[in-house]
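Enquirer: Sharing entry.txt, compact mmCIF, C-alpha atoms and all ligand atoms:
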# COMPACT_ATOMS: atom_id res chain seq x y z
CA MET A 1 -5.55 137.67 -18.76
CA ASP A 2 -4.50 134.01 -18.92
CA TYR A 3 -7.51 132.01 -19.96
CA GLN A 4 -8.26 128.66 -18.38
CA TYR A 5 -11.66 127.89 -19.92
CA ILE A 6 -11.46 129.49 -23.37
CA GLN A 7 -8.90 129.84 -26.14
CA THR A 8 -8.50 132.79 -28.49
CA GLU A 9 -6.87 132.78 -31.89
CA ARG A 10 -6.08 135.81 -34.07
CA LEU A 11 -6.54 135.12 -37.76
CA ASP A 12 -5.88 137.24 -40.89
CA ASP A 13 -3.61 139.76 -39.13
CA GLY A 14 -6.10 140.01 -36.31
CA GLN A 15 -9.07 140.98 -38.50
CA ILE A 16 -10.85 137.87 -37.30
CA LEU A 17 -10.71 136.63 -33.73
CA ARG A 18 -11.82 133.11 -32.96
CA ILE A 19 -12.87 132.31 -29.39
CA ASN A 20 -13.24 128.65 -28.50
CA LEU A 21 -15.05 127.53 -25.38
CA ASN A 22 -12.59 125.04 -23.96
CA ARG A 23 -14.16 122.73 -21.39
CA PRO A 24 -14.65 119.79 -23.77
CA THR A 25 -14.94 117.13 -21.06
CA ALA A 26 -17.64 119.23 -19.34
CA ARG A 27 -19.37 119.68 -22.72
CA ASN A 28 -18.55 123.39 -22.45
CA ALA A 29 -20.91 123.82 -19.53
CA GLN A 30 -20.64 127.44 -18.43
CA ASN A 31 -19.06 127.85 -15.02
CA ARG A 32 -18.44 131.35 -13.65
CA GLY A 33 -14.78 131.32 -14.65
CA LEU A 34 -15.70 130.58 -18.25
CA LEU A 35 -18.31 133.36 -18.38
CA VAL A 36 -15.95 135.94 -16.90
CA GLU A 37 -13.15 134.94 -19.29
CA LEU A 38 -15.55 135.09 -22.22
CA ASP A 39 -16.63 138.61 -21.24
CA HIS A 40 -12.99 139.63 -21.00
CA ALA A 41 -12.21 138.20 -24.44
CA PHE A 42 -15.23 139.86 -26.07
CA LEU A 43 -14.41 143.25 -24.54
CA ALA A 44 -10.74 142.96 -25.51
CA ALA A 45 -11.80 142.19 -29.09
CA GLU A 46 -14.19 145.14 -29.04
CA LYS A 47 -11.39 147.44 -27.90
CA ASP A 48 -8.98 146.19 -30.59
CA ASP A 49 -9.52 148.31 -33.73
CA GLN A 50 -7.87 145.63 -35.86
CA VAL A 51 -10.61 143.09 -35.10
CA ARG A 52 -13.60 143.16 -37.48
CA VAL A 53 -15.32 139.83 -36.91
CA ILE A 54 -15.42 137.50 -33.90
CA ILE A 55 -16.20 133.79 -34.23
CA LEU A 56 -17.47 132.04 -31.09
CA ALA A 57 -17.06 128.24 -31.25
CA GLY A 58 -16.69 125.32 -28.87
CA ASN A 59 -14.09 122.56 -28.54
CA GLY A 60 -15.22 118.96 -28.01
CA PRO A 61 -18.44 117.10 -28.75
CA MET A 62 -20.86 120.03 -28.52
CA PHE A 63 -21.07 123.81 -28.50
CA SER A 64 -22.43 124.12 -24.95
CA ALA A 65 -24.57 122.10 -22.53
CA GLY A 66 -25.74 125.25 -20.69
CA HIS A 67 -24.93 126.58 -17.25
CA ASP A 68 -22.70 124.43 -15.09
CA LEU A 69 -24.99 123.70 -12.14
CA GLY A 70 -23.30 120.88 -10.34
CA SER A 71 -19.67 120.18 -11.22
CA GLU A 72 -17.13 120.22 -8.40
CA GLU A 73 -15.34 123.02 -10.17
CA SER A 74 -18.44 125.21 -10.22
CA LEU A 75 -19.17 124.45 -6.54
CA ARG A 76 -15.59 125.33 -5.55
CA GLU A 77 -15.77 128.69 -7.31
CA ARG A 78 -19.16 129.50 -5.73
CA LEU A 79 -18.57 128.55 -2.08
CA PRO A 80 -16.40 130.55 0.36
CA GLY A 81 -12.80 129.32 0.47
CA PRO A 82 -9.48 129.76 -1.28
CA ASP A 83 -10.91 128.76 -4.68
CA GLN A 84 -13.93 131.07 -4.56
CA HIS A 85 -14.16 133.09 -7.75
CA GLU A 86 -13.66 136.84 -7.29
CA SER A 87 -17.03 137.53 -8.95
CA PHE A 88 -18.91 136.00 -5.98
CA LYS A 89 -17.44 138.64 -3.65
CA GLY A 90 -19.37 141.54 -5.17
CA ASN A 91 -22.20 142.33 -7.58
CA GLY A 92 -24.69 141.05 -5.00
CA GLY A 93 -22.63 137.99 -4.06
CA THR A 94 -22.44 139.06 -0.41
CA ARG A 95 -26.12 140.05 -0.16
CA LYS A 96 -28.95 137.80 1.02
CA GLY A 97 -31.87 135.96 -0.52
CA GLY A 98 -33.46 137.06 -3.76
CA GLU A 99 -31.28 140.17 -3.93
CA ASN A 100 -28.15 138.04 -4.12
CA ARG A 101 -29.57 135.82 -6.84
CA MET A 102 -31.10 138.64 -8.86
CA LEU A 103 -27.93 140.73 -8.87
CA GLN A 104 -25.62 137.82 -9.59
CA GLU A 105 -27.80 136.54 -12.43
CA TRP A 106 -28.23 140.06 -13.78
CA HIS A 107 -24.48 140.60 -13.99
CA TYR A 108 -23.25 137.15 -14.99
CA TYR A 109 -26.12 135.66 -17.02
CA TYR A 110 -28.24 138.52 -18.35
CA GLN A 111 -26.37 141.79 -18.71
CA ASN A 112 -23.21 140.11 -20.00
CA THR A 113 -25.24 138.36 -22.72
CA LEU A 114 -26.91 141.64 -23.68
CA ARG A 115 -23.49 143.36 -23.72
CA TRP A 116 -22.18 140.73 -26.17
CA ARG A 117 -25.31 141.14 -28.31
CA ASN A 118 -24.56 144.86 -28.53
CA LEU A 119 -20.79 144.49 -29.08
CA ARG A 120 -19.41 147.01 -31.58
CA LYS A 121 -18.09 144.17 -33.76
CA ILE A 122 -19.80 141.57 -35.95
CA THR A 123 -20.05 138.25 -34.12
CA ILE A 124 -20.64 134.78 -35.58
CA ALA A 125 -21.54 131.73 -33.50
CA GLN A 126 -20.17 128.48 -34.92
CA VAL A 127 -22.20 125.67 -33.34
CA HIS A 128 -22.17 121.88 -33.48
CA GLY A 129 -23.42 118.84 -31.56
CA LYS A 130 -25.97 120.04 -29.06
CA VAL A 131 -26.86 123.54 -27.94
CA ILE A 132 -28.79 123.30 -24.68
CA ALA A 133 -30.44 125.97 -22.50
CA ALA A 134 -27.85 128.66 -21.69
CA GLY A 135 -25.88 127.42 -24.71
CA LEU A 136 -28.66 129.10 -26.68
CA MET A 137 -27.98 132.41 -24.89
CA LEU A 138 -24.35 132.43 -26.06
CA MET A 139 -25.40 131.60 -29.60
CA TRP A 140 -28.25 134.12 -29.70
CA ALA A 141 -25.98 136.92 -28.51
CA CYS A 142 -24.17 136.61 -31.85
CA ASP A 143 -25.22 138.42 -35.03
CA LEU A 144 -25.04 135.34 -37.23
CA ILE A 145 -25.19 131.63 -36.42
CA ILE A 146 -23.53 128.91 -38.48
CA ALA A 147 -24.38 125.32 -37.60
CA ALA A 148 -23.03 121.88 -38.43
CA GLU A 149 -25.52 119.48 -39.99
CA GLY A 150 -27.37 117.59 -37.29
CA THR A 151 -26.86 120.18 -34.54
CA THR A 152 -29.83 120.20 -32.18
CA PHE A 153 -31.24 123.04 -30.09
CA SER A 154 -33.32 122.62 -26.93
CA ASP A 155 -34.18 124.28 -23.64
CA PRO A 156 -35.31 121.63 -21.14
CA VAL A 157 -35.23 123.84 -18.02
CA GLY A 158 -39.05 123.89 -17.79
CA ALA A 159 -39.12 120.13 -17.25
CA ARG A 160 -35.90 119.74 -15.31
CA LEU A 161 -35.77 122.90 -13.18
CA GLY A 162 -39.36 124.14 -13.23
CA MET A 163 -38.11 127.35 -14.83
CA CYS A 164 -39.52 129.53 -17.62
CA GLY A 165 -36.44 129.37 -19.82
CA MET A 166 -33.29 131.30 -19.09
CA GLU A 167 -32.26 134.71 -17.85
CA TYR A 168 -31.87 136.11 -21.39
CA PHE A 169 -35.27 135.18 -22.80
CA GLY A 170 -34.68 135.28 -26.54
CA HIS A 171 -36.95 132.30 -27.20
CA PRO A 172 -40.03 134.00 -28.75
CA TRP A 173 -37.82 136.15 -30.98
CA GLU A 174 -35.64 133.28 -32.16
CA PHE A 175 -38.13 130.38 -32.42
CA GLY A 176 -41.35 132.36 -32.91
CA PRO A 177 -43.95 132.65 -30.11
CA ARG A 178 -45.84 129.38 -30.58
CA LYS A 179 -42.71 127.28 -31.23
CA ALA A 180 -41.15 128.83 -28.12
CA LYS A 181 -44.07 127.61 -26.01
CA GLU A 182 -43.94 124.15 -27.57
CA LEU A 183 -40.20 123.69 -27.05
CA LEU A 184 -40.24 125.03 -23.49
CA LEU A 185 -43.28 123.00 -22.44
CA THR A 186 -42.10 119.70 -23.99
CA THR A 187 -38.24 119.85 -23.89
CA ASP A 188 -38.36 118.81 -27.57
CA SER A 189 -35.48 119.87 -29.79
CA ILE A 190 -35.22 121.31 -33.28
CA ASP A 191 -32.35 120.59 -35.64
CA ALA A 192 -30.17 122.87 -37.76
CA ASP A 193 -32.42 122.58 -40.83
CA GLU A 194 -35.49 123.61 -38.83
CA GLY A 195 -33.46 126.40 -37.24
CA TYR A 196 -32.54 127.53 -40.75
CA ARG A 197 -36.19 127.43 -41.81
CA LEU A 198 -37.13 129.57 -38.80
CA GLY A 199 -34.49 132.16 -39.69
CA MET A 200 -32.46 131.48 -36.53
CA ILE A 201 -29.60 129.76 -38.37
CA THR A 202 -27.64 131.53 -41.12
CA LYS A 203 -25.89 128.59 -42.83
CA VAL A 204 -25.69 124.81 -42.33
CA TYR A 205 -22.48 122.97 -43.29
CA LYS A 206 -21.12 119.45 -42.94
CA GLY A 207 -19.45 118.95 -39.56
CA ASP A 208 -15.97 118.36 -40.93
CA GLU A 209 -16.16 121.56 -43.00
CA LEU A 210 -17.73 123.74 -40.32
CA ALA A 211 -14.66 125.61 -39.07
CA GLU A 212 -13.26 126.26 -42.54
CA LYS A 213 -16.60 127.35 -44.04
CA THR A 214 -17.31 129.59 -41.06
CA LEU A 215 -13.93 131.25 -41.51
CA GLU A 216 -14.62 131.77 -45.23
CA PHE A 217 -17.94 133.34 -44.33
CA ALA A 218 -16.31 135.54 -41.67
CA ARG A 219 -13.80 136.74 -44.29
CA ARG A 220 -16.68 137.89 -46.53
CA ILE A 221 -18.09 139.93 -43.66
CA ALA A 222 -14.64 141.29 -42.72
CA GLN A 223 -14.35 142.84 -46.21
CA ARG A 224 -17.21 145.25 -45.54
CA PRO A 225 -16.23 148.75 -44.40
CA THR A 226 -16.33 148.61 -40.61
CA MET A 227 -18.70 151.57 -40.42
CA ALA A 228 -21.17 149.93 -42.82
CA ALA A 229 -21.01 146.66 -40.89
CA LEU A 230 -21.68 148.39 -37.58
CA MET A 231 -24.51 150.53 -38.96
CA ILE A 232 -26.17 147.44 -40.47
CA LYS A 233 -25.93 145.63 -37.14
CA GLU A 234 -27.13 148.65 -35.21
CA SER A 235 -30.07 149.33 -37.58
CA VAL A 236 -31.35 145.79 -37.17
CA ASN A 237 -30.75 145.76 -33.39
CA GLN A 238 -32.45 149.13 -32.92
CA ALA A 239 -35.39 148.03 -35.10
CA VAL A 240 -35.82 144.89 -33.00
CA ASP A 241 -35.41 146.89 -29.78
CA ASN A 242 -38.16 149.23 -30.97
CA MET A 243 -40.35 146.20 -31.65
CA GLY A 244 -40.03 145.50 -27.94
CA PHE A 245 -37.06 143.13 -27.76
CA TYR A 246 -35.15 145.03 -25.07
CA ASN A 247 -38.21 145.76 -22.90
CA ALA A 248 -39.38 142.16 -23.21
CA LEU A 249 -35.96 140.87 -22.14
CA GLN A 250 -36.05 143.13 -19.08
CA ALA A 251 -39.59 142.03 -18.19
CA CYS A 252 -38.80 138.34 -18.65
CA PHE A 253 -35.69 138.60 -16.48
CA THR A 254 -37.98 139.81 -13.69
CA ILE A 255 -40.41 136.94 -14.31
CA HIS A 256 -37.45 134.57 -14.20
CA GLN A 257 -36.54 135.93 -10.75
CA ALA A 258 -40.13 135.42 -9.53
CA ASN A 259 -39.91 131.83 -10.77
CA HIS A 260 -36.67 131.25 -8.81
CA SER A 261 -38.12 132.88 -5.68
CA HIS A 262 -41.15 130.58 -5.83
CA TRP A 263 -38.98 127.47 -5.66
CA ALA A 264 -36.68 128.93 -3.02
CA GLU A 265 -39.76 129.67 -0.89
CA CYS A 266 -41.15 126.15 -1.42
CA HIS A 267 -37.99 124.46 -0.12
CA THR A 268 -38.07 125.19 3.57
CA GLU A 269 -35.93 122.42 5.08
CA GLY A 270 -33.30 119.75 4.55
CA GLU A 271 -30.27 119.74 2.30
CA TRP A 272 -32.19 121.51 -0.50
CA LYS A 273 -33.41 124.35 1.75
CA GLY A 274 -33.72 127.51 -0.31
CA TYR A 275 -32.92 125.73 -3.59
CA PRO A 276 -34.21 128.10 -6.30
CA ALA A 277 -35.41 125.52 -8.84
CA ALA A 278 -37.86 122.61 -8.87
CA LEU A 279 -36.85 119.21 -7.42
CA VAL A 280 -38.08 115.74 -8.34
CA GLU A 281 -40.66 115.92 -5.53
CA ASP A 282 -42.00 119.12 -7.14
CA GLY A 283 -42.67 117.19 -10.35
CA ALA A 284 -39.42 118.01 -12.14
CA GLU A 285 -37.42 115.44 -14.09
CA ASP A 286 -34.13 114.51 -12.43
CA TRP A 287 -31.67 116.69 -14.35
CA ARG A 288 -28.82 114.27 -13.52
CA ASN A 289 -30.71 111.46 -15.21
CA PRO A 290 -33.12 113.19 -17.60
CA LYS A 291 -35.37 111.72 -20.25
CA PRO A 292 -33.85 112.29 -23.68
CA THR A 293 -35.25 115.19 -25.70
CA ARG A 294 -37.32 114.26 -28.75
CA PRO A 295 -37.27 115.95 -32.15
CA ALA A 296 -40.10 118.47 -32.49
CA LEU A 297 -41.36 117.02 -35.77
CA LYS A 298 -44.90 117.64 -36.97
CA ASP A 299 -45.88 113.95 -36.64
CA ASN A 300 -43.88 113.12 -33.49
ZN ZN B 401 -31.72 131.88 -13.21
Before anything else, please render the file you have as structure tokens.
Ligand code: ZN
Expert:
Amino acid sequence: MDYQYIQTERLDDGQILRINLNRPTARNAQNRGLLVELDHAFLAAEKDDQVRVIILAGNGPMFSAGHDLGSEESLRERLPGPDQHESFKGNGGTRKGGENRMLQEWHYYYQNTLRWRNLRKITIAQVHGKVIAAGLMLMWACDLIIAAEGTTFSDPVGARLGMCGMEYFGHPWEFGPRKAKELLLTTDSIDADEGYRLGMITKVYKGDELAEKTLEFARRIAQRPTMAALMIKESVNQAVDNMGFYNALQACFTIHQANHSHWAECHTEGEWKGYPAALVEDGAEDWRNPKPTRPALKDN
């Protein structure tokens, strides 16, 4: 597959594969093409017995600004026409109403993220700049997360879209339950040091050393026997699944769909008819011109 939105790089005789999100001018916003290419690259790396560790990074000023909701490119790939992306022609894409949305989001936002989380290889997210909303989903799907100093993490979809977070609801597990509520209700952000303190972030390095230090760290992991590495990953993932992680994700995906359906039902006429998220007149902030996020500090 020729990739348009990502780049892959084989390092150390293919033992380490680096995937770079490559829409720098769009701040690595995730359009459908990018998500499908990313899935292809992850599955190809999983199939390749030479690969031991995968690094997921982003080119440009930030790791990822979240789902691409409004760019011309994302509209072209969604709407019928010569540029419509193949993935809109199946997996619910030709069905109506909530069934369409639920199936499409299940395949291209939720189940793909869960598949990457359960990949039979060790994965490391290498993040910098800002990680916003669905950017968190990509990062959380990885086993380890390495951040540049000053990286910030936020999910403003509650304020800007009237939504209860994203399709893959890792928030309570990653931030802790009370912090998850605070961040989702306020849009406030935490930084890499706070993420480290919460146990979400593995290491924090200076920005100009991030790629090199992440590679050094990946090389340490790549030295482990592959069976030991996989059993360590699987033991932790199965422990967390038995604590309810998997069932909670499934339940919260359903809640997410109820949230979308509410807004779609509220919008009965005009150009926004059926729009499945809150608008300014519903009390949402204008996501094209949003208020800046604030640091979630104890005295702020
Ligand atoms: Zn959604």
Enquirer: Which residues of chain A sit at most 12 Å from ligand ZN 401 (chain B), using all atoms listed in the file? Give each one's shortest atom pair and distance in Å (one decimal place), in chain and ascending residue order, as JSON lines.
Expert:
{"residue": "A:Gly66", "atom": "CA", "partner": "B:ZN401", "partner_atom": "ZN", "distance": 11.6}
{"residue": "A:His67", "atom": "CA", "partner": "B:ZN401", "partner_atom": "ZN", "distance": 9.5}
{"residue": "A:Asp68", "atom": "CA", "partner": "B:ZN401", "partner_atom": "ZN", "distance": 11.8}
{"residue": "A:Leu69", "atom": "CA", "partner": "B:ZN401", "partner_atom": "ZN", "distance": 10.6}
{"residue": "A:Gly98", "atom": "CA", "partner": "B:ZN401", "partner_atom": "ZN", "distance": 10.9}
{"residue": "A:Asn100", "atom": "CA", "partner": "B:ZN401", "partner_atom": "ZN", "distance": 11.5}
{"residue": "A:Arg101", "atom": "CA", "partner": "B:ZN401", "partner_atom": "ZN", "distance": 7.8}
{"residue": "A:Met102", "atom": "CA", "partner": "B:ZN401", "partner_atom": "ZN", "distance": 8.1}
{"residue": "A:Leu103", "atom": "CA", "partner": "B:ZN401", "partner_atom": "ZN", "distance": 10.6}
{"residue": "A:Gln104", "atom": "CA", "partner": "B:ZN401", "partner_atom": "ZN", "distance": 9.3}
{"residue": "A:Glu105", "atom": "CA", "partner": "B:ZN401", "partner_atom": "ZN", "distance": 6.1}
{"residue": "A:Trp106", "atom": "CA", "partner": "B:ZN401", "partner_atom": "ZN", "distance": 8.9}
{"residue": "A:His107", "atom": "CA", "partner": "B:ZN401", "partner_atom": "ZN", "distance": 11.4}
{"residue": "A:Tyr108", "atom": "CA", "partner": "B:ZN401", "partner_atom": "ZN", "distance": 10.1}
{"residue": "A:Tyr109", "atom": "CA", "partner": "B:ZN401", "partner_atom": "ZN", "distance": 7.8}
{"residue": "A:Tyr110", "atom": "CA", "partner": "B:ZN401", "partner_atom": "ZN", "distance": 9.1}
{"residue": "A:Ala133", "atom": "CA", "partner": "B:ZN401", "partner_atom": "ZN", "distance": 11.1}
{"residue": "A:Ala134", "atom": "CA", "partner": "B:ZN401", "partner_atom": "ZN", "distance": 9.9}
{"residue": "A:Val157", "atom": "CA", "partner": "B:ZN401", "partner_atom": "ZN", "distance": 10.0}
{"residue": "A:Gly158", "atom": "CA", "partner": "B:ZN401", "partner_atom": "ZN", "distance": 11.8}
{"residue": "A:Leu161", "atom": "CA", "partner": "B:ZN401", "partner_atom": "ZN", "distance": 9.9}
{"residue": "A:Gly162", "atom": "CA", "partner": "B:ZN401", "partner_atom": "ZN", "distance": 10.9}
{"residue": "A:Met163", "atom": "CA", "partner": "B:ZN401", "partner_atom": "ZN", "distance": 8.0}
{"residue": "A:Cys164", "atom": "CA", "partner": "B:ZN401", "partner_atom": "ZN", "distance": 9.3}
{"residue": "A:Gly165", "atom": "CA", "partner": "B:ZN401", "partner_atom": "ZN", "distance": 8.5}
{"residue": "A:Met166", "atom": "CA", "partner": "B:ZN401", "partner_atom": "ZN", "distance": 6.1}
{"residue": "A:Glu167", "atom": "CA", "partner": "B:ZN401", "partner_atom": "ZN", "distance": 5.5}
{"residue": "A:Tyr168", "atom": "CA", "partner": "B:ZN401", "partner_atom": "ZN", "distance": 9.2}
{"residue": "A:Phe169", "atom": "CA", "partner": "B:ZN401", "partner_atom": "ZN", "distance": 10.7}
{"residue": "A:Cys252", "atom": "CA", "partner": "B:ZN401", "partner_atom": "ZN", "distance": 11.0}
{"residue": "A:Phe253", "atom": "CA", "partner": "B:ZN401", "partner_atom": "ZN", "distance": 8.5}
{"residue": "A:Thr254", "atom": "CA", "partner": "B:ZN401", "partner_atom": "ZN", "distance": 10.1}
{"residue": "A:Ile255", "atom": "CA", "partner": "B:ZN401", "partner_atom": "ZN", "distance": 10.1}
{"residue": "A:His256", "atom": "CA", "partner": "B:ZN401", "partner_atom": "ZN", "distance": 6.4}
{"residue": "A:Gln257", "atom": "CA", "partner": "B:ZN401", "partner_atom": "ZN", "distance": 6.8}
{"residue": "A:Ala258", "atom": "CA", "partner": "B:ZN401", "partner_atom": "ZN", "distance": 9.8}
{"residue": "A:Asn259", "atom": "CA", "partner": "B:ZN401", "partner_atom": "ZN", "distance": 8.5}
{"residue": "A:His260", "atom": "CA", "partner": "B:ZN401", "partner_atom": "ZN", "distance": 6.7}
{"residue": "A:Ser261", "atom": "CA", "partner": "B:ZN401", "partner_atom": "ZN", "distance": 9.9}
{"residue": "A:Trp263", "atom": "CA", "partner": "B:ZN401", "partner_atom": "ZN", "distance": 11.4}
{"residue": "A:Ala264", "atom": "CA", "partner": "B:ZN401", "partner_atom": "ZN", "distance": 11.7}
{"residue": "A:Tyr275", "atom": "CA", "partner": "B:ZN401", "partner_atom": "ZN", "distance": 11.5}
{"residue": "A:Pro276", "atom": "CA", "partner": "B:ZN401", "partner_atom": "ZN", "distance": 8.3}
{"residue": "A:Ala277", "atom": "CA", "partner": "B:ZN401", "partner_atom": "ZN", "distance": 8.6}
{"residue": "A:Ala278", "atom": "CA", "partner": "B:ZN401", "partner_atom": "ZN", "distance": 11.9}
Enquirer: Select from range 219-289 of chain A every residue with an atom at most 10 Å from any atom of range 38-58 of chain A, then for each give the shortest pair of atoms and their distance in Å to one decimal, using only C-alpha atoms, rows by chain and rising number, as a Markdown table.
Expert:
| residue | atom | partner | partner_atom | distance |
| --- | --- | --- | --- | --- |
| A:Arg219 | CA | A:Val53 | CA | 8.1 |
| A:Arg220 | CA | A:Val53 | CA | 9.9 |
| A:Ile221 | CA | A:Val53 | CA | 7.3 |
| A:Ala222 | CA | A:Arg52 | CA | 5.7 |
| A:Gln223 | CA | A:Arg52 | CA | 8.8 |
| A:Arg224 | CA | A:Arg52 | CA | 9.1 |
| A:Pro225 | CA | A:Arg52 | CA | 9.3 |
| A:Thr226 | CA | A:Arg52 | CA | 6.9 |
| A:Ala229 | CA | A:Arg52 | CA | 8.9 |
| A:Leu230 | CA | A:Arg52 | CA | 9.6 |
Enquirer: Using CA of Phe245 in chain A and CA of Glu182 in chain A as the two end points, give the distance in Å to one decimal.
Expert: 20.2 Å
Enquirer: Report, in Å to a single decimal, how far apart CA of Ala159 in chain A and CA of Thr187 in chain A are.
Expert: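 About the pair CA of Thr187 in chain A and CA of Ala159 in chain A: they are 6.7 Å apart.
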Enquirer: Go through A:Arg32, A:Arg197, A:Lys96, A:His171 and flag the residue nearest Leu136 in chain A, using only C-alpha atoms for the distances.
Expert: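 When distances to Leu136 in chain A are compared using only C-alpha atoms, the smallest one comes from A:His171.
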Enquirer: Provide the CA of Gln7 in chain A to CA of Ala218 in chain A distance in Å, to one decimal place.
Expert: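 Result for CA of Gln7 in chain A versus CA of Ala218 in chain A: 18.1 Å, one decimal.
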Enquirer: Compile the contact shell of Leu79 in chain A as a JSON list (two decimals) with C-alpha atoms, in the coordinates of the input: residues with an atom at most 12 Å away, counting all atoms listed in the file, same-chain residues fewer than 6 positions apart removed.
Expert:
[["chain", "number", "residue", "atom", "x", "y", "z"],
["A", 32, "ARG", "CA", -18.44, 131.35, -13.65],
["A", 72, "GLU", "CA", -17.13, 120.22, -8.40],
["A", 73, "GLU", "CA", -15.34, 123.02, -10.17],
["A", 85, "HIS", "CA", -14.16, 133.09, -7.75],
["A", 86, "GLU", "CA", -13.66, 136.84, -7.29],
["A", 87, "SER", "CA", -17.03, 137.53, -8.95],
["A", 88, "PHE", "CA", -18.91, 136.00, -5.98],
["A", 89, "LYS", "CA", -17.44, 138.64, -3.65],
["A", 93, "GLY", "CA", -22.63, 137.99, -4.06],
["A", 94, "THR", "CA", -22.44, 139.06, -0.41]]
Enquirer: Near Tyr3 in chain A, within 12 Å and counting only C-alpha atoms, which residues show up once chain neighbours fewer than 2 positions away are dropped, as a ChimeraX atom specification?
Expert: /A:1,5-9,19-23,33-41
